[in-house]
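Visitor: Input file: target_10.cif. Contents: mmCIF, C-alpha atoms, pLDDT in the B column; chains and numbers go by the auth columns.
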```cif
data_coords
loop_
_atom_site.group_PDB
_atom_site.id
_atom_site.type_symbol
_atom_site.label_atom_id
_atom_site.label_comp_id
_atom_site.label_asym_id
_atom_site.label_seq_id
_atom_site.Cartn_x
_atom_site.Cartn_y
_atom_site.Cartn_z
_atom_site.B_iso_or_equiv
_atom_site.auth_seq_id
_atom_site.auth_asym_id
ATOM 1 C CA MET A 1 11.902 14.913 97.697 37.00 1 A
ATOM 2 C CA LEU A 2 9.938 15.818 94.609 54.00 2 A
ATOM 3 C CA ASP A 3 6.863 17.969 95.114 82.00 3 A
ATOM 4 C CA LEU A 4 4.660 17.857 92.035 85.00 4 A
ATOM 5 C CA GLY A 5 2.064 20.305 93.379 89.00 5 A
ATOM 6 C CA LYS A 6 4.637 22.898 94.407 89.00 6 A
ATOM 7 C CA THR A 7 6.263 22.733 90.978 89.00 7 A
ATOM 8 C CA ILE A 8 2.919 23.092 89.191 93.00 8 A
ATOM 9 C CA LYS A 9 2.023 26.110 91.324 93.00 9 A
ATOM 10 C CA GLU A 10 5.418 27.781 90.735 91.00 10 A
ATOM 11 C CA LEU A 11 5.177 27.287 86.964 92.00 11 A
ATOM 12 C CA ARG A 12 1.546 28.428 86.892 93.00 12 A
ATOM 13 C CA LYS A 13 2.346 31.616 88.782 94.00 13 A
ATOM 14 C CA LYS A 14 5.453 32.247 86.665 92.00 14 A
ATOM 15 C CA ARG A 15 3.172 32.257 83.605 93.00 15 A
ATOM 16 C CA ASN A 16 0.578 34.424 85.379 95.00 16 A
ATOM 17 C CA TYR A 17 -2.118 31.758 84.994 94.00 17 A
ATOM 18 C CA SER A 18 -4.906 31.426 87.488 94.00 18 A
ATOM 19 C CA ALA A 19 -5.867 27.903 88.514 94.00 19 A
ATOM 20 C CA ARG A 20 -8.993 28.336 86.398 95.00 20 A
ATOM 21 C CA GLU A 21 -6.933 29.344 83.338 95.00 21 A
ATOM 22 C CA LEU A 22 -4.593 26.370 83.773 95.00 22 A
ATOM 23 C CA SER A 23 -7.661 24.163 84.071 94.00 23 A
ATOM 24 C CA GLU A 24 -9.081 25.542 80.828 95.00 24 A
ATOM 25 C CA ARG A 25 -5.754 25.216 78.986 94.00 25 A
ATOM 26 C CA SER A 26 -5.094 21.662 80.206 94.00 26 A
ATOM 27 C CA GLY A 27 -8.553 20.160 80.532 94.00 27 A
ATOM 28 C CA VAL A 28 -7.681 19.163 84.114 93.00 28 A
ATOM 29 C CA ALA A 29 -10.301 19.964 86.745 94.00 29 A
ATOM 30 C CA ARG A 30 -9.543 23.097 88.755 95.00 30 A
ATOM 31 C CA SER A 31 -10.289 21.161 91.938 95.00 31 A
ATOM 32 C CA LEU A 32 -7.616 18.584 91.073 94.00 32 A
ATOM 33 C CA ILE A 33 -5.074 21.324 90.341 94.00 33 A
ATOM 34 C CA SER A 34 -5.917 22.898 93.714 94.00 34 A
ATOM 35 C CA GLN A 35 -5.575 19.559 95.526 93.00 35 A
ATOM 36 C CA LEU A 36 -2.176 18.956 93.931 92.00 36 A
ATOM 37 C CA GLU A 37 -0.926 22.474 94.679 92.00 37 A
ATOM 38 C CA THR A 38 -2.043 22.422 98.322 92.00 38 A
ATOM 39 C CA GLY A 39 -0.665 18.939 98.939 88.00 39 A
ATOM 40 C CA LYS A 40 -4.075 17.398 99.640 91.00 40 A
ATOM 41 C CA ARG A 41 -3.237 15.052 96.793 88.00 41 A
ATOM 42 C CA ALA A 42 0.376 13.983 96.233 82.00 42 A
ATOM 43 C CA SER A 43 0.058 12.170 92.922 82.00 43 A
ATOM 44 C CA THR A 44 -2.060 11.883 89.809 86.00 44 A
ATOM 45 C CA SER A 45 -2.152 9.980 86.522 85.00 45 A
ATOM 46 C CA MET A 46 0.544 10.400 83.865 82.00 46 A
ATOM 47 C CA ASP A 47 -2.177 11.625 81.498 84.00 47 A
ATOM 48 C CA THR A 48 -2.933 14.489 83.873 89.00 48 A
ATOM 49 C CA VAL A 49 0.770 15.250 84.289 88.00 49 A
ATOM 50 C CA TYR A 50 1.187 15.267 80.503 86.00 50 A
ATOM 51 C CA ARG A 51 -1.753 17.644 80.017 90.00 51 A
ATOM 52 C CA LEU A 52 -0.503 20.011 82.728 92.00 52 A
ATOM 53 C CA ALA A 53 3.039 20.003 81.316 89.00 53 A
ATOM 54 C CA LYS A 54 1.709 20.724 77.840 89.00 54 A
ATOM 55 C CA ALA A 55 -0.457 23.598 79.117 93.00 55 A
ATOM 56 C CA LEU A 56 2.521 25.005 81.044 92.00 56 A
ATOM 57 C CA ASP A 57 4.752 24.526 77.984 89.00 57 A
ATOM 58 C CA VAL A 58 7.375 22.459 79.818 87.00 58 A
ATOM 59 C CA PRO A 59 8.694 18.902 79.437 83.00 59 A
ATOM 60 C CA VAL A 60 6.925 16.339 81.616 81.00 60 A
ATOM 61 C CA ALA A 61 10.223 15.593 83.363 77.00 61 A
ATOM 62 C CA SER A 62 10.442 19.190 84.584 78.00 62 A
ATOM 63 C CA LEU A 63 7.416 18.641 86.814 80.00 63 A
ATOM 64 C CA PHE A 64 9.406 15.985 88.675 74.00 64 A
ATOM 65 C CA ALA A 65 12.805 17.684 88.685 66.00 65 A
ATOM 66 C CA ASP A 66 14.400 18.898 91.903 57.00 66 A
ATOM 67 C CA LYS A 67 15.304 22.123 90.102 53.00 67 A
ATOM 68 C CA SER A 68 13.669 24.127 87.351 47.00 68 A
ATOM 69 C CA VAL A 69 13.986 22.571 83.914 43.00 69 A
ATOM 70 C CA THR A 70 12.594 24.303 80.863 44.00 70 A
ATOM 71 C CA ASP A 71 14.163 22.163 78.165 41.00 71 A
ATOM 72 C CA SER A 72 15.205 18.567 78.168 43.00 72 A
ATOM 73 C CA SER A 73 18.748 18.529 79.507 43.00 73 A
ATOM 74 C CA ILE A 74 19.355 14.902 78.695 38.00 74 A
ATOM 75 C CA THR A 75 21.060 14.205 75.412 40.00 75 A
ATOM 76 C CA TYR A 76 20.957 10.815 73.787 39.00 76 A
ATOM 77 C CA LYS A 77 23.605 9.693 71.369 40.00 77 A
ATOM 78 C CA ALA A 78 21.666 7.754 68.807 43.00 78 A
ATOM 79 C CA LYS A 79 23.296 5.879 65.984 45.00 79 A
ATOM 80 C CA GLN A 80 21.383 5.931 62.722 49.00 80 A
ATOM 81 C CA SER A 81 20.378 2.360 61.940 47.00 81 A
ATOM 82 C CA THR A 82 19.996 0.984 58.502 48.00 82 A
ATOM 83 C CA PRO A 83 17.488 -1.819 57.897 50.00 83 A
ATOM 84 C CA SER A 84 20.329 -4.357 57.898 47.00 84 A
ATOM 85 C CA GLU A 85 21.246 -3.281 61.450 54.00 85 A
ATOM 86 C CA ILE A 86 17.765 -3.924 62.812 58.00 86 A
ATOM 87 C CA ASN A 87 18.319 -7.363 64.238 63.00 87 A
ATOM 88 C CA GLU A 88 17.013 -9.584 67.016 68.00 88 A
ATOM 89 C CA GLU A 89 18.915 -7.514 69.583 70.00 89 A
ATOM 90 C CA ASN A 90 16.825 -4.441 68.686 69.00 90 A
ATOM 91 C CA GLN A 91 13.498 -6.264 68.378 75.00 91 A
ATOM 92 C CA PRO A 92 12.329 -5.603 71.973 81.00 92 A
ATOM 93 C CA TYR A 93 12.752 -1.854 71.386 77.00 93 A
ATOM 94 C CA LEU A 94 10.809 -2.016 68.144 75.00 94 A
ATOM 95 C CA ASN A 95 8.035 -3.973 69.858 81.00 95 A
ATOM 96 C CA THR A 96 7.869 -1.325 72.586 83.00 96 A
ATOM 97 C CA LEU A 97 7.625 1.435 69.981 81.00 97 A
ATOM 98 C CA ARG A 98 4.822 -0.409 68.198 82.00 98 A
ATOM 99 C CA LYS A 99 3.000 -0.861 71.501 86.00 99 A
ATOM 100 C CA ALA A 100 3.329 2.872 72.261 83.00 100 A
ATOM 101 C CA GLN A 101 2.060 3.734 68.798 82.00 101 A
ATOM 102 C CA LYS A 102 -0.964 1.420 69.139 86.00 102 A
ATOM 103 C CA ALA A 103 -1.719 2.979 72.539 86.00 103 A
ATOM 104 C CA GLY A 104 -1.742 6.413 70.925 86.00 104 A
ATOM 105 C CA ILE A 105 1.286 7.686 72.846 83.00 105 A
ATOM 106 C CA PRO A 106 2.809 10.503 70.819 83.00 106 A
ATOM 107 C CA PRO A 107 6.596 10.395 70.275 81.00 107 A
ATOM 108 C CA GLU A 108 7.035 13.628 72.275 81.00 108 A
ATOM 109 C CA LEU A 109 5.423 12.054 75.342 82.00 109 A
ATOM 110 C CA LEU A 110 7.431 8.860 74.929 82.00 110 A
ATOM 111 C CA ASN A 111 10.649 10.917 74.803 81.00 111 A
ATOM 112 C CA GLU A 112 9.615 12.879 77.892 81.00 112 A
ATOM 113 C CA LEU A 113 8.792 9.662 79.755 82.00 113 A
ATOM 114 C CA ILE A 114 12.224 8.291 78.872 82.00 114 A
ATOM 115 C CA ASP A 115 13.786 11.539 80.154 79.00 115 A
ATOM 116 C CA LEU A 116 11.806 11.145 83.371 80.00 116 A
ATOM 117 C CA VAL A 117 12.938 7.546 83.883 81.00 117 A
ATOM 118 C CA VAL A 118 16.566 8.527 83.257 78.00 118 A
ATOM 119 C CA ARG A 119 16.279 11.376 85.801 75.00 119 A
ATOM 120 C CA ILE A 120 14.761 9.075 88.415 76.00 120 A
ATOM 121 C CA ARG A 121 17.451 6.455 87.863 76.00 121 A
ATOM 122 C CA MET A 122 20.177 9.114 88.220 71.00 122 A
ATOM 123 C CA ASN A 123 18.973 10.089 91.729 63.00 123 A
#
```
Please express what this file holds, its structure, as structure tokens.
Guide:
Amino acid sequence: MLDLGKTIKELRKKRNYSARELSERSGVARSLISQLETGKRASTSMDTVYRLAKALDVPVASLFADKSVTDSSITYKAKQSTPSEINEENQPYLNTLRKAQKAGIPPELLNELIDLVVRIRMN
């Protein structure tokens, strides 16, 4: 089973950050970090997870991995599309990208979320 708090604590200690320092670097309340690390709180918002991952300098997916992950280990084979290849079949993907852009989701986070979904589906 995945243990978000345990992973956060391990990464924080590996970087020699105090809970206060991680709080300052991430903008996440120290009390929330403490609750996650001690198991008093098992989950949190994706925004919080993103901010913690960024402050710890790891991909979001690594906070949910069963083993330590420092770089994305999932490789996607993407074919370069020319405008003539963007057809109705690809339209739902383009609409999703537009929606992410309008919501202010940066491409890095979108890629990390995709990595996370792929990891979850593989288990």
Visitor: Expressed in Å to a single decimal, how great is the separation between CA of Ala19 (chain A) and CA of Ile33 (chain A)?
Guide: 6.9 Å
Visitor: For the file shown, report as an mmCIF file with C-alpha atoms, in the frame of the given file the outcome of the PyMOL selection byres ((chain A and resi 55) around 7) at residue level.
Guide:
```cif
data_model
loop_
_atom_site.group_PDB
_atom_site.id
_atom_site.type_symbol
_atom_site.label_atom_id
_atom_site.label_comp_id
_atom_site.auth_asym_id
_atom_site.auth_seq_id
_atom_site.Cartn_x
_atom_site.Cartn_y
_atom_site.Cartn_z
ATOM 1 C CA LEU A 22 -4.593 26.370 83.773
ATOM 2 C CA ARG A 25 -5.754 25.216 78.986
ATOM 3 C CA SER A 26 -5.094 21.662 80.206
ATOM 4 C CA ARG A 51 -1.753 17.644 80.017
ATOM 5 C CA LEU A 52 -0.503 20.011 82.728
ATOM 6 C CA ALA A 53 3.039 20.003 81.316
ATOM 7 C CA LYS A 54 1.709 20.724 77.840
ATOM 8 C CA LEU A 56 2.521 25.005 81.044
ATOM 9 C CA ASP A 57 4.752 24.526 77.984
#
```
Visitor: For Ala61 (chain A), which residue out of A:Leu36, A:Ala103, A:Leu97, A:Met46 is the nearest one, using all atoms listed in the file?
Guide: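 Of A:Leu36, A:Ala103, A:Leu97, A:Met46, the one nearest Ala61 (chain A), counting all atoms listed in the file, is A:Met46.
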Visitor: Starting from 6 Å padding per side, set up an axis-aligned box that covers all listed atoms of region 100-115 of chain A and hand over centre and edge lengths in Å, one decimal, as AutoDock Vina command-line options.
Guide:
```
--center_x 6.0 --center_y 7.5 --center_z 74.5 --size_x 27.5 --size_y 24.2 --size_z 23.4
```
Visitor: A:Asn16, A:Asn95, A:Ser34, A:Thr48: which is nearest Val60 (chain A), counting all atoms listed in the file?
Guide: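 Using all atoms listed in the file, Val60 (chain A) sits closest to A:Thr48.
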Visitor: Pick from A:Glu89, A:Pro59, A:Val28, A:Leu94: nearest to Ile114 (chain A), with all atoms listed in the file counted?
Guide: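 Looking only at the distances to Ile114 (chain A), the closest residue turns out to be A:Pro59.
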Visitor: Record the distance separating CA of Gly39 (chain A) and CA of Pro106 (chain A), expressed in Å with one decimal.
Guide: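 Computed distance, CA of Gly39 (chain A) to CA of Pro106 (chain A), equals 29.6 Å.
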